[in-house]
Amino acid sequence: MGRVRGVVLVMSRDAVVARLRAAGCVFAEDEAELLTAEAGEDCERLGELLAARESGLPLEQVVGWACFRGLRIAVLPGVFVPRRRTEHLVELAVEHVGAGDVVVDVCCGTAAVAAAVRAERPEARVWALDVDERATRCAQLNLPGAQVGTGDLFTPLPDRWAGRVRVVTANAPYVPSDAVALMPPEARDHEPRTALDGGLDGLAVQARVITEAPHWLAAGGVLLVETSQEQAERTAELMSAAGLVPRISRREDLDATVVSGRKR
């Protein structure tokens with residue numbers, strides 16, 4: 001694409017695909033369709049989107065949104081991109097939520113989990129919490145009218161909700177510190193380190209969530225934590241130590257592992 005005497009030359013789809021392939025995009029054809037649709041008839045806009053993707057920005061940050069459980073979730077620059085595997089967290093959450101129940105999504109990022117739970121259980125009262133102000137600004141876009149708080153784990157939650165929360169969801173960082181450097185560049189270079197780095201064994205933030213959650217959960221309430229298949233047994237052990245009854249759930253098609261902990 002270029003200019004001849006002030007006229008913008010249109011880039012062919014094949015040219016877009018070729019540039020994406022050269023940039024290392026595995027699903028170049030699918031991405032080309034998405035970028036072309038996002039740009040519409042604006043050829044200059046297509047060039048800007050393509051250049052941003054070639055620079056290594058995650059596709060979802062380039063177009064400004066991600067598809068998550070049928071929802072269009074806004075994704076701002078520098079915010080963790082929701083993964084499809086996290087839809088399993090939503091599946092399990094909605095099983096436990098009824099009318100008027102309180103759901104708290106900690107380490108919420110874009111608040112994709114909270115938004116999906118509210119879409120499927122609109123009668124629930126949903127909170128989304130994150131330590132990163134960029135994330136909570138994004139969460140406000142995806143949860144208009146809901147409660148969004150900025151602070152460390154549960155600190156933004158009012159004391160009156162202690163012992164009254166039905167479900168806590170947490171997609172806390174669970175990548176061991178030494179493994180962050182091995183992640184794809186679009187994650188390690190363009191997503192916040194705080195959303196990726198789970199400490200020496202990957203469980204540091206999870207452990208804090210698990211320790212604090214029972215204070216907020218109602219009797220019979222459930223904590224749901226996304227983790228890796230390799231870490232699941234240790235996550236379950238942490239829940240047992242916190243007085244919760246653990247259960248490991250696995251969905252192979254999503255490569256998703258969630259450990260639930262029920263408060264007695």
# chains A, B, ... in the order shown; residues from 1 in each chain; ligands from 1
call {"tool": "closest_atom_pairs", "arguments": {"of": "range 178-261 of chain A", "to": "range 103-116 of chain A", "cutoff": "12 Å", "atoms": "only C-alpha atoms", "output": "Markdown table"}}
result
| residue | atom | partner | partner_atom | distance |
| --- | --- | --- | --- | --- |
| A:Glu191 | CA | A:Gly109 | CA | 10.4 |
| A:Pro192 | CA | A:Gly109 | CA | 9.9 |
| A:Thr194 | CA | A:Cys107 | CA | 9.5 |
| A:Ala195 | CA | A:Cys107 | CA | 7.8 |
| A:Leu196 | CA | A:Cys107 | CA | 10.8 |
| A:Gly198 | CA | A:Cys107 | CA | 12.0 |
| A:Val205 | CA | A:Cys107 | CA | 9.5 |
| A:Gln206 | CA | A:Cys107 | CA | 10.0 |
| A:Arg208 | CA | A:Val106 | CA | 11.3 |
| A:Val209 | CA | A:Val106 | CA | 8.3 |
| A:Ile210 | CA | A:Val106 | CA | 11.2 |
| A:Glu212 | CA | A:Val106 | CA | 11.2 |
| A:Ala213 | CA | A:Val104 | CA | 10.0 |
| A:Trp216 | CA | A:Val104 | CA | 9.4 |
| A:Leu217 | CA | A:Val103 | CA | 9.7 |
| A:Ala218 | CA | A:Val103 | CA | 11.0 |
| A:Gly221 | CA | A:Val103 | CA | 9.9 |
| A:Val222 | CA | A:Val103 | CA | 9.8 |
| A:Leu223 | CA | A:Val104 | CA | 9.5 |
| A:Leu224 | CA | A:Asp105 | CA | 9.6 |
| A:Val225 | CA | A:Val106 | CA | 9.9 |
| A:Glu226 | CA | A:Cys107 | CA | 11.1 |
call {"tool": "select_by_dssp", "arguments": {"residues": "range 148-207 of chain A", "states": "strand (DSSP E or B)", "output": "list in words"}}
result
Val148, Gly149, Thr150, Val165, Arg166, Val167, Val168, Thr169, Ala170, Val175 and Asp197 of chain A
call {"tool": "write_last_selection", "arguments": {"atoms": "C-alpha atoms", "output": "tab-separated table (two decimals), in the first residue's frame"}}
result
chain	number	residue	atom	x	y	z
A	148	VAL	CA	-14.74	-1.93	39.91
A	149	GLY	CA	-11.95	-1.34	42.42
A	150	THR	CA	-8.21	-0.71	42.20
A	165	VAL	CA	-19.54	-13.57	48.88
A	166	ARG	CA	-20.87	-16.58	47.01
A	167	VAL	CA	-18.12	-16.94	44.39
A	168	VAL	CA	-14.58	-15.61	44.09
A	169	THR	CA	-12.86	-16.06	40.72
A	170	ALA	CA	-9.13	-15.55	40.26
A	175	VAL	CA	3.94	-18.44	35.48
A	197	ASP	CA	4.81	-13.49	37.05
call {"tool": "residues_around", "arguments": {"residues": "Arg234 in chain A", "least_positions_apart": "4", "cutoff": "10 Å", "atoms": "only C-alpha atoms", "output": "list in words"}}
result
Leu203, Ala207, Thr227, Glu230, Leu238, Met239, Ser240 and Val259 of chain A
call {"tool": "write_last_selection", "arguments": {"atoms": "all heavy atoms", "output": "compact mmCIF listing (two decimals), in the first residue's frame"}}
result
# COMPACT_ATOMS: atom_id res chain seq x y z
N LEU A 203 3.18 -19.79 42.24
CA LEU A 203 2.00 -19.87 43.10
C LEU A 203 1.93 -18.77 44.15
O LEU A 203 1.03 -18.79 45.00
CB LEU A 203 1.96 -21.24 43.80
CG LEU A 203 1.92 -22.45 42.87
CD1 LEU A 203 2.00 -23.73 43.68
CD2 LEU A 203 0.67 -22.44 42.01
N ALA A 207 -1.41 -18.21 46.26
CA ALA A 207 -1.39 -18.54 47.69
C ALA A 207 -2.01 -17.43 48.53
O ALA A 207 -2.74 -17.69 49.49
CB ALA A 207 0.04 -18.82 48.14
N THR A 227 -5.24 -22.35 37.02
CA THR A 227 -3.86 -22.72 37.25
C THR A 227 -3.42 -23.60 36.08
O THR A 227 -4.16 -23.78 35.11
CB THR A 227 -3.70 -23.43 38.61
OG1 THR A 227 -2.32 -23.53 38.95
CG2 THR A 227 -4.35 -24.79 38.62
N GLU A 230 0.07 -28.84 35.71
CA GLU A 230 1.18 -29.28 36.52
C GLU A 230 1.12 -28.73 37.95
O GLU A 230 1.61 -29.35 38.90
CB GLU A 230 2.51 -28.87 35.88
CG GLU A 230 2.80 -29.50 34.53
CD GLU A 230 1.95 -28.94 33.40
OE1 GLU A 230 1.44 -27.80 33.55
OE2 GLU A 230 1.78 -29.64 32.38
N LEU A 238 -2.91 -26.02 48.79
CA LEU A 238 -3.02 -24.70 49.43
C LEU A 238 -4.45 -24.44 49.88
O LEU A 238 -4.68 -23.85 50.94
CB LEU A 238 -2.56 -23.61 48.45
CG LEU A 238 -1.07 -23.59 48.11
CD1 LEU A 238 -0.81 -22.62 46.96
CD2 LEU A 238 -0.25 -23.18 49.34
N MET A 239 -5.43 -24.88 49.07
CA MET A 239 -6.83 -24.69 49.46
C MET A 239 -7.18 -25.52 50.69
O MET A 239 -7.86 -25.03 51.60
CB MET A 239 -7.74 -25.03 48.29
CG MET A 239 -7.67 -24.02 47.16
SD MET A 239 -9.09 -24.14 46.07
CE MET A 239 -8.72 -22.85 44.88
N SER A 240 -6.70 -26.74 50.73
CA SER A 240 -6.95 -27.58 51.91
C SER A 240 -6.36 -26.94 53.16
O SER A 240 -7.00 -26.92 54.23
CB SER A 240 -6.34 -28.97 51.70
OG SER A 240 -7.04 -29.69 50.71
N VAL A 259 -8.96 -25.01 39.83
CA VAL A 259 -9.14 -25.65 41.13
C VAL A 259 -10.18 -24.86 41.91
O VAL A 259 -10.05 -23.63 42.04
CB VAL A 259 -7.81 -25.72 41.91
CG1 VAL A 259 -8.04 -26.41 43.27
CG2 VAL A 259 -6.75 -26.46 41.11
call {"tool": "atom_distance", "arguments": {"atom1": "CA of Glu54 in chain A", "atom2": "CA of Val16 in chain A"}}
result
10.6 Å
call {"tool": "closest_residue", "arguments": {"among": "A:Ile73, A:Ile248, A:Ala172, A:Ala242", "to": "Lys263 in chain A", "atoms": "only C-alpha atoms"}}
result
A:Ala242
call {"tool": "closest_residue", "arguments": {"among": "A:Val180, A:Ala93, A:Val17, A:Val81", "to": "Pro58 in chain A", "atoms": "only C-alpha atoms"}}
result
A:Val81
call {"tool": "atom_distance", "arguments": {"atom1": "CA of Asp253 in chain A", "atom2": "CA of Val26 in chain A"}}
result
19.3 Å
call {"tool": "closest_atom_pairs", "arguments": {"of": "range 61-132 of chain A", "to": "range 37-53 of chain A", "cutoff": "12 Å", "atoms": "only C-alpha atoms", "output": "CSV"}}
result
residue,atom,partner,partner_atom,distance
A:Gln61,CA,A:Arg53,CA,8.9
A:Val62,CA,A:Leu49,CA,6.2
A:Val63,CA,A:Glu38,CA,7.0
A:Gly64,CA,A:Glu38,CA,9.8
A:Trp65,CA,A:Glu38,CA,10.6
A:Pro77,CA,A:Ala52,CA,11.4
call {"tool": "write_last_selection", "arguments": {"atoms": "all heavy atoms", "output": "PDB file, in the first residue's frame"}}
result
ATOM      1  N   GLN A  61      -4.840  -6.255  21.325  1.00  0.00           N
ATOM      2  CA  GLN A  61      -4.496  -4.867  21.645  1.00  0.00           C
ATOM      3  C   GLN A  61      -4.472  -4.010  20.386  1.00  0.00           C
ATOM      4  O   GLN A  61      -4.770  -2.820  20.431  1.00  0.00           O
ATOM      5  CB  GLN A  61      -3.149  -4.803  22.365  1.00  0.00           C
ATOM      6  CG  GLN A  61      -3.173  -5.367  23.773  1.00  0.00           C
ATOM      7  CD  GLN A  61      -1.845  -5.210  24.497  1.00  0.00           C
ATOM      8  OE1 GLN A  61      -0.947  -4.531  24.022  1.00  0.00           O
ATOM      9  NE2 GLN A  61      -1.718  -5.849  25.650  1.00  0.00           N
ATOM     10  N   VAL A  62      -4.142  -4.605  19.256  1.00  0.00           N
ATOM     11  CA  VAL A  62      -4.138  -3.866  17.983  1.00  0.00           C
ATOM     12  C   VAL A  62      -5.558  -3.432  17.609  1.00  0.00           C
ATOM     13  O   VAL A  62      -5.804  -2.270  17.280  1.00  0.00           O
ATOM     14  CB  VAL A  62      -3.521  -4.719  16.858  1.00  0.00           C
ATOM     15  CG1 VAL A  62      -3.713  -4.037  15.501  1.00  0.00           C
ATOM     16  CG2 VAL A  62      -2.034  -4.951  17.116  1.00  0.00           C
ATOM     17  N   VAL A  63      -6.503  -4.380  17.660  1.00  0.00           N
ATOM     18  CA  VAL A  63      -7.872  -4.057  17.253  1.00  0.00           C
ATOM     19  C   VAL A  63      -8.685  -3.468  18.396  1.00  0.00           C
ATOM     20  O   VAL A  63      -9.744  -2.877  18.180  1.00  0.00           O
ATOM     21  CB  VAL A  63      -8.594  -5.290  16.664  1.00  0.00           C
ATOM     22  CG1 VAL A  63      -7.866  -5.779  15.426  1.00  0.00           C
ATOM     23  CG2 VAL A  63      -8.720  -6.412  17.687  1.00  0.00           C
ATOM     24  N   GLY A  64      -8.194  -3.646  19.643  1.00  0.00           N
ATOM     25  CA  GLY A  64      -8.872  -3.046  20.790  1.00  0.00           C
ATOM     26  C   GLY A  64      -9.935  -3.912  21.436  1.00  0.00           C
ATOM     27  O   GLY A  64     -10.662  -3.431  22.304  1.00  0.00           O
ATOM     28  N   TRP A  65     -10.011  -5.176  21.058  1.00  0.00           N
ATOM     29  CA  TRP A  65     -11.018  -6.043  21.667  1.00  0.00           C
ATOM     30  C   TRP A  65     -10.635  -7.512  21.487  1.00  0.00           C
ATOM     31  O   TRP A  65      -9.815  -7.850  20.647  1.00  0.00           O
ATOM     32  CB  TRP A  65     -12.411  -5.806  21.064  1.00  0.00           C
ATOM     33  CG  TRP A  65     -12.514  -6.050  19.587  1.00  0.00           C
ATOM     34  CD1 TRP A  65     -12.215  -5.162  18.587  1.00  0.00           C
ATOM     35  CD2 TRP A  65     -12.930  -7.257  18.944  1.00  0.00           C
ATOM     36  NE1 TRP A  65     -12.424  -5.743  17.357  1.00  0.00           N
ATOM     37  CE2 TRP A  65     -12.866  -7.022  17.548  1.00  0.00           C
ATOM     38  CE3 TRP A  65     -13.363  -8.502  19.395  1.00  0.00           C
ATOM     39  CZ2 TRP A  65     -13.207  -7.998  16.608  1.00  0.00           C
ATOM     40  CZ3 TRP A  65     -13.699  -9.482  18.464  1.00  0.00           C
ATOM     41  CH2 TRP A  65     -13.625  -9.203  17.088  1.00  0.00           C
ATOM     42  N   PRO A  77      -4.261  -0.964  25.558  1.00  0.00           N
ATOM     43  CA  PRO A  77      -2.820  -1.248  25.523  1.00  0.00           C
ATOM     44  C   PRO A  77      -2.266  -1.480  26.919  1.00  0.00           C
ATOM     45  O   PRO A  77      -2.628  -0.787  27.870  1.00  0.00           O
ATOM     46  CB  PRO A  77      -2.225   0.029  24.899  1.00  0.00           C
ATOM     47  CG  PRO A  77      -3.338   0.600  24.080  1.00  0.00           C
ATOM     48  CD  PRO A  77      -4.594   0.291  24.849  1.00  0.00           C
TER      49      PRO A  77
END
call {"tool": "residues_around", "arguments": {"residues": "Ala18 in chain A", "least_positions_apart": "3", "cutoff": "12 Å", "atoms": "only C-alpha atoms", "output": "list in words"}}
result
Met11, Ser12, Arg13, Asp14, Ala15, Arg21, Ala22, Ala23, Gly24, Cys25, Val26, Phe27, Ala28, Glu29, Glu31, Ala32, Leu50 and Glu54 of chain A
call {"tool": "closest_residue", "arguments": {"among": "A:Cys138, A:Leu20, A:Leu157, A:Ala99", "to": "Phe80 in chain A", "atoms": "only C-alpha atoms"}}
result
A:Cys138
call {"tool": "closest_residue", "arguments": {"among": "A:Ala219, A:Leu89, A:Ala135, A:Leu35", "to": "Ser249 in chain A", "atoms": "only C-alpha atoms"}}
result
A:Leu89
